[in-house]
$ cat entry_37.cif   # mmCIF, C-alpha atoms
data_data
#
loop_
_atom_site.label_atom_id
_atom_site.label_comp_id
_atom_site.auth_asym_id
_atom_site.auth_seq_id
_atom_site.Cartn_x
_atom_site.Cartn_y
_atom_site.Cartn_z
CA MET D 559 0.63 27.45 26.07
CA THR D 560 2.55 28.41 22.98
CA HIS D 561 5.93 26.83 23.55
CA LEU D 562 4.73 23.26 24.08
CA PRO D 563 3.27 22.81 20.59
CA ARG D 564 6.29 24.52 19.12
CA ARG D 565 8.58 22.09 20.93
CA THR D 566 6.61 19.08 19.68
CA PHE D 567 6.57 20.56 16.22
CA LEU D 568 10.33 21.01 16.22
CA LYS D 569 10.89 17.53 17.56
CA ARG D 570 8.73 15.99 14.87
CA THR D 571 10.26 17.99 12.05
CA LEU D 572 13.73 17.06 13.19
CA ALA D 573 12.84 13.42 13.61
CA SER D 574 11.27 13.16 10.18
CA ALA D 575 14.16 15.03 8.59
CA VAL D 576 16.57 12.48 10.03
CA LEU D 577 14.39 9.60 8.88
CA VAL D 578 14.04 10.97 5.37
CA SER D 579 17.75 11.63 4.93
CA ALA D 580 18.65 8.20 6.26
CA GLY D 581 16.05 6.44 4.20
CA SER D 582 16.04 8.31 0.91
CA SER D 583 19.06 6.68 -0.68
CA LEU D 584 18.12 3.11 0.16
CA PHE D 585 14.38 2.89 0.32
CA ALA D 586 11.29 4.09 -1.43
CA PRO D 587 9.53 6.99 0.37
CA GLY D 588 7.11 4.66 2.17
CA TRP D 589 10.04 3.03 3.85
CA ALA D 590 10.91 6.03 5.97
CA LEU D 591 8.55 4.47 8.49
CA ALA D 592 9.96 0.97 8.19
CA ALA D 593 9.70 0.40 11.92
CA GLU D 594 5.90 0.49 11.76
CA TRP D 595 3.97 -2.76 11.40
CA PRO D 596 2.86 -2.74 7.73
CA LYS D 597 -0.88 -2.85 8.28
CA ALA D 598 -1.91 -2.31 4.66
CA ALA D 599 0.30 -5.14 3.44
CA PHE D 600 -1.04 -7.56 6.05
CA GLY D 601 -4.59 -6.52 5.23
CA ALA D 602 -4.26 -6.94 1.45
CA LYS D 603 -6.41 -9.72 0.01
CA LYS D 604 -4.37 -10.39 -3.13
CA ILE D 605 -0.73 -11.34 -3.24
CA ASP D 606 0.18 -8.63 -5.80
CA GLU D 607 -1.43 -5.96 -3.64
CA ALA D 608 0.37 -7.26 -0.58
CA VAL D 609 3.76 -7.20 -2.32
CA GLN D 610 3.03 -3.72 -3.64
CA ALA D 611 2.00 -2.44 -0.21
CA LEU D 612 5.01 -3.99 1.48
CA PHE D 613 7.80 -3.20 -0.95
CA GLY D 614 6.33 -0.36 -3.02
CA SER D 615 6.64 -2.45 -6.19
CA SER D 616 5.33 -5.78 -7.40
CA GLN D 617 7.98 -6.35 -10.09
CA MET D 618 9.64 -9.62 -9.11
CA SER D 619 11.98 -11.87 -11.01
CA PRO D 620 12.31 -15.59 -10.23
CA SER D 621 15.65 -16.47 -8.70
CA ALA D 622 17.43 -19.76 -8.15
CA SER D 623 19.37 -18.17 -5.29
CA ILE D 624 16.32 -18.37 -3.06
CA LYS D 625 15.92 -21.71 -1.37
CA LEU D 626 12.39 -22.26 -0.16
CA LYS D 627 12.15 -25.32 2.04
CA ALA D 628 8.66 -26.47 2.82
CA PRO D 629 6.76 -29.75 2.75
CA ALA D 630 5.08 -30.73 -0.53
CA GLN D 631 2.12 -31.84 1.50
CA ALA D 632 1.07 -30.41 4.84
CA GLU D 633 -0.53 -32.83 7.25
CA ASN D 634 -1.47 -30.10 9.68
CA SER D 635 -2.52 -26.91 7.93
CA ALA D 636 -2.16 -24.93 11.16
CA GLN D 637 1.55 -25.73 11.50
CA VAL D 638 3.36 -25.61 8.19
CA GLN D 639 7.08 -25.10 8.56
CA VAL D 640 8.76 -22.89 5.94
CA GLN D 641 12.42 -21.98 5.69
CA VAL D 642 13.73 -19.36 3.30
CA THR D 643 17.42 -19.00 2.57
CA ALA D 644 18.49 -16.18 0.30
CA GLU D 645 21.95 -16.86 -1.04
CA MET D 646 22.46 -13.58 -2.85
CA PRO D 647 24.52 -10.79 -1.22
CA ASN D 648 22.97 -7.78 0.54
CA VAL D 649 19.66 -9.32 1.46
CA GLU D 650 17.54 -6.54 2.90
CA ALA D 651 14.31 -8.37 3.56
CA ILE D 652 12.49 -11.66 3.20
CA ALA D 653 8.72 -11.99 3.05
CA VAL D 654 6.54 -15.09 2.92
CA PHE D 655 3.14 -15.19 1.22
CA VAL D 656 0.48 -17.88 0.90
CA GLU D 657 -1.46 -17.05 -2.26
CA LYS D 658 -4.82 -18.48 -1.21
CA ASN D 659 -4.88 -17.39 2.41
CA PRO D 660 -7.53 -14.74 3.22
CA SER D 661 -4.61 -12.32 3.66
CA PRO D 662 -1.59 -13.66 1.77
CA LEU D 663 1.21 -11.98 3.73
CA VAL D 664 2.42 -14.28 6.50
CA ALA D 665 5.56 -12.59 7.73
CA HIS D 666 8.21 -10.12 6.71
CA ALA D 667 11.71 -9.89 8.12
CA SER D 668 14.22 -7.16 7.44
CA PHE D 669 17.88 -7.57 8.21
CA SER D 670 20.51 -5.24 9.56
CA GLY D 671 23.29 -7.65 10.38
CA ALA D 672 21.70 -11.09 10.42
CA GLU D 673 22.01 -13.48 7.48
CA GLY D 674 19.41 -13.77 4.72
CA TYR D 675 17.45 -16.51 6.39
CA PHE D 676 14.01 -16.70 7.92
CA SER D 677 11.94 -19.60 9.15
CA ALA D 678 8.52 -19.81 10.74
CA ARG D 679 5.51 -22.03 11.08
CA MET D 680 2.36 -20.79 9.40
CA LYS D 681 -1.31 -21.51 8.90
CA MET D 682 -2.72 -22.33 5.49
CA ALA D 683 -6.38 -22.12 4.54
CA GLU D 684 -6.10 -24.53 1.61
CA THR D 685 -3.72 -25.99 -0.97
CA SER D 686 -1.81 -23.06 -2.39
CA ASP D 687 1.38 -21.73 -3.87
CA VAL D 688 3.71 -20.31 -1.25
CA TYR D 689 5.94 -17.41 -2.30
CA ALA D 690 9.20 -16.31 -0.80
CA VAL D 691 10.01 -12.76 -1.85
CA VAL D 692 13.50 -11.43 -1.23
CA LYS D 693 14.60 -7.84 -1.48
CA SER D 694 18.24 -7.47 -2.37
CA GLY D 695 20.03 -4.44 -3.73
CA GLY D 696 16.69 -2.65 -4.13
CA LYS D 697 15.27 -5.38 -6.39
CA LEU D 698 12.71 -8.05 -5.69
CA TYR D 699 13.26 -11.73 -6.33
CA MET D 700 10.94 -14.62 -5.68
CA ALA D 701 10.65 -18.38 -5.48
CA LYS D 702 7.50 -20.38 -5.08
CA GLN D 703 6.36 -23.84 -4.17
CA ASN D 704 2.99 -25.51 -4.06
CA ILE D 705 1.98 -26.96 -0.71
CA LYS D 706 -0.89 -29.39 -0.71
CA VAL D 707 -3.15 -29.23 2.32
CA THR D 708 -5.02 -32.39 3.13
CA ALA D 709 -8.21 -31.71 4.99
CA GLY D 710 -8.70 -35.03 6.73
CA GLY D 711 -5.15 -35.52 7.83
CA CYS D 712 -5.13 -38.99 6.25
CA GLY D 713 -2.70 -38.02 3.53
CA GLY D 714 -5.38 -38.50 0.90
CA MET E 327 -1.69 -11.06 31.64
CA ALA E 328 -0.99 -14.70 31.14
CA ASP E 329 2.61 -15.73 31.17
CA LYS E 330 3.79 -15.78 27.60
CA GLN E 331 7.18 -17.37 27.68
CA THR E 332 9.87 -16.46 25.23
CA LYS E 333 12.41 -19.21 24.73
CA ILE E 334 15.54 -18.81 22.66
CA ARG E 335 17.81 -21.57 21.45
CA THR E 336 21.05 -20.92 19.65
CA LYS E 337 23.40 -23.32 17.98
CA THR E 338 26.78 -22.21 16.72
CA GLN E 339 28.86 -24.12 14.21
CA GLY E 340 31.99 -22.34 13.16
CA ASN E 341 31.01 -18.88 12.01
CA ASP E 342 27.28 -19.54 11.73
CA THR E 343 24.73 -19.34 14.50
CA ASP E 344 21.20 -20.64 14.16
CA VAL E 345 18.69 -18.86 16.34
CA LEU E 346 15.25 -20.26 17.10
CA VAL E 347 12.71 -18.30 19.09
CA LEU E 348 9.59 -19.88 20.53
CA VAL E 349 6.93 -17.67 22.11
CA SER E 350 3.88 -19.23 23.72
CA HIS E 351 1.23 -17.01 22.23
CA PRO E 352 -2.30 -17.79 20.91
CA MET E 353 -1.77 -16.01 17.54
CA GLU E 354 -5.54 -15.68 17.16
CA SER E 355 -6.33 -14.62 13.59
CA GLY E 356 -9.70 -12.99 14.25
CA LEU E 357 -11.31 -15.32 11.70
CA ARG E 358 -11.98 -18.32 13.92
CA PRO E 359 -15.59 -18.69 15.16
CA ASP E 360 -16.06 -18.44 18.91
CA PRO E 361 -16.63 -21.98 20.22
CA LYS E 362 -19.26 -20.66 22.67
CA ASP E 363 -21.16 -18.44 20.26
CA LYS E 364 -21.12 -19.44 16.60
CA ASP E 365 -22.11 -15.97 15.38
CA LYS E 366 -19.07 -14.33 16.89
CA LYS E 367 -15.40 -14.56 16.06
CA VAL E 368 -12.62 -14.91 18.56
CA PRO E 369 -10.95 -11.46 18.54
CA ALA E 370 -7.60 -11.20 16.81
CA HIS E 371 -4.62 -11.44 19.09
CA PHE E 372 -1.25 -11.96 17.47
CA ILE E 373 2.37 -10.86 17.62
CA GLU E 374 3.11 -8.02 15.23
CA LYS E 375 6.76 -7.23 15.79
CA MET E 376 9.74 -9.28 16.78
CA ILE E 377 13.09 -7.57 17.15
CA PHE E 378 16.41 -9.38 17.40
CA ALA E 379 19.33 -7.54 18.96
CA LEU E 380 22.87 -8.80 19.37
CA ASN E 381 24.81 -7.05 22.13
CA GLY E 382 22.24 -4.28 22.06
CA LYS E 383 22.40 -3.68 18.30
CA GLU E 384 19.42 -4.61 16.16
CA VAL E 385 20.30 -7.31 13.62
CA ALA E 386 16.87 -8.32 12.36
CA ASN E 387 13.32 -7.18 12.70
CA ALA E 388 10.33 -9.30 11.79
CA ASP E 389 6.72 -8.31 11.12
CA LEU E 390 4.41 -11.22 11.82
CA GLY E 391 0.81 -11.54 10.71
CA PRO E 392 -2.10 -13.58 11.99
CA ALA E 393 -1.17 -16.39 9.58
CA VAL E 394 1.83 -17.29 11.71
CA SER E 395 1.03 -20.42 13.75
CA THR E 396 0.03 -20.55 17.38
CA ASP E 397 3.14 -20.57 19.56
CA PRO E 398 5.29 -19.07 16.81
CA LEU E 399 8.67 -20.60 16.18
CA VAL E 400 10.79 -18.10 14.28
CA GLY E 401 14.31 -18.74 13.07
CA ILE E 402 17.09 -16.48 11.86
CA LYS E 403 20.81 -16.96 11.25
CA LEU E 404 23.75 -14.90 12.39
CA LYS E 405 27.27 -14.81 11.05
CA GLY E 406 30.29 -14.14 13.17
CA ALA E 407 28.55 -14.16 16.55
CA LYS E 408 31.02 -15.01 19.30
CA ALA E 409 30.62 -17.10 22.42
CA GLY E 410 29.41 -14.84 25.19
CA ASP E 411 27.53 -12.49 22.87
CA LYS E 412 24.11 -11.57 24.20
CA LEU E 413 21.06 -12.00 22.02
CA LYS E 414 17.85 -10.32 23.04
CA VAL E 415 14.49 -10.90 21.36
CA THR E 416 11.63 -8.52 22.06
CA TRP E 417 8.10 -8.94 20.74
CA SER E 418 4.89 -6.97 20.92
CA ASP E 419 1.36 -7.90 19.89
CA ASN E 420 -1.73 -6.12 18.59
CA LYS E 421 -3.18 -5.80 22.10
CA GLY E 422 -0.14 -3.97 23.37
CA GLU E 423 1.30 -6.91 25.26
CA SER E 424 4.97 -7.54 24.93
CA GLY E 425 7.69 -9.82 26.13
CA SER E 426 11.31 -10.58 25.69
CA GLY E 427 13.90 -13.24 26.16
CA GLU E 428 17.66 -13.28 26.31
CA ALA E 429 20.22 -15.88 25.48
CA THR E 430 23.98 -16.06 25.50
CA ILE E 431 25.63 -17.46 22.42
CA GLY E 432 27.51 -20.53 23.51
#
$ encode --input "entry_37.cif" --output "structure tokens"
Amino acid sequence: MTHLPRRTFLKRTLASAVLVSAGSSLFAPGWALAAEWPKAAFGAKKIDEAVQALFGSSQMSPSASIKLKAPAQAENSAQVQVQVTAEMPNVEAIAVFVEKNPSPLVAHASFSGAEGYFSARMKMAETSDVYAVVKSGGKLYMAKQNIKVTAGGCGG
Amino acid sequence: MADKQTKIRTKTQGNDTDVLVLVSHPMESGLRPDPKDKDKKVPAHFIEKMIFALNGKEVANADLGPAVSTDPLVGIKLKGAKAGDKLKVTWSDNKGESGSGEATIG
């Protein structure tokens, strides 16, 4: 009875020690569990809260090195293509937010070898600013664009 | 469950490889009213994680939310991938379903 819990305990302590030592220099404490799906960030109702929950900070500076490619007007609000290219070095992560969606965070990609690029198709509730947030060298940068959603699909 | 196909397309030009992944998945947000019963919502069912591995080593890892479109089409870029390299994409959703697809860089 006694050695099983002790074994699990040892395993967990060791595992977390490894995680903490690997993560401490690069990431904020919350990032030791980076492999988990960030539930709080996806559940946040405001964009600032979502950025805070995801990256541990909501201090962002606008950057011209982020290329956000999206239509100015979306004919189908359920399929809006966005492409984010981060041209700065050492891109750690890219996240996409739609400010006026019920939950602004759309997707978040972190990189460990791939280039600083992410594209996806997303749903939009209504006309809104779309934010691309890039984490590079421990700092947050962002670019935004307004996408107009036309309800009737007649371009009006 | 239903067959949720994972299709991967890669295109290499010089040193750069474009990767596009298409999964046939409902990506139900949990906010849409049930067409049969207006008082209920269709339960959420969406992909949460998508992991990209090149020759067995993780190169990118995406967290998707319910705002990603039905049949998500996700793109990333790789640098320096060689012909013959194996790319594997694995996804899992909030109901515990998962799937994967493999492609050879050509």
$ closest_residue --input "entry_37.cif" --among "E:Asp360, E:Glu428, E:Glu384, E:Asp419" --to "chain D" --atoms "all atoms listed in the file"
E:Glu384
$ residues_around --input "entry_37.cif" --residues "stretch 331-339 of chain E" --least-positions-apart "5" --cutoff "9 Å" --atoms "all atoms listed in the file" --output "PyMOL selection string"
chain E and resi 344-351+407-409+413-417+425-432
$ resolve_selection --input "entry_37.cif" --expression "the PyMOL selection byres ((chain E) within 10 of (chain D))" --output "ChimeraX atom specification"
/E:342-348,355,357,374-380,383-407,420
$ closest_residue --input "entry_37.cif" --among "E:Met353, E:Arg358, E:Asn381, E:Lys364" --to "E:Lys421" --atoms "all atoms listed in the file"
E:Met353
$ atom_distance --input "entry_37.cif" --atom1 "atom CA of D:Ala628" --atom2 "atom CA of E:Val368"
28.9 Å
$ residues_around --input "entry_37.cif" --residues "D:Val688" --least-positions-apart "4" --cutoff "7 Å" --atoms "all atoms listed in the file" --output "PyMOL selection string"
chain D and resi 655-657+702-705
$ atom_distance --input "entry_37.cif" --atom1 "atom CA of E:Ile373" --atom2 "atom CA of E:Glu423"
8.7 Å
$ resolve_selection --input "entry_37.cif" --expression "the PyMOL selection byres ((chain D and resi 692) around 8)" --output "ChimeraX atom specification"
/D:624,644,649-653,690-691,693-694,698-700
$ axis_aligned_box --input "entry_37.cif" --around "stretch 340-353 of chain E" --padding-each-side "3 Å" --output "JSON"
{"center_x": 14.8, "center_y": -19.2, "center_z": 17.7, "size_x": 40.3, "size_y": 12.3, "size_z": 18.0}
$ atom_distance --input "entry_37.cif" --atom1 "atom CA of E:Asp365" --atom2 "atom CA of D:Ala598"
26.6 Å
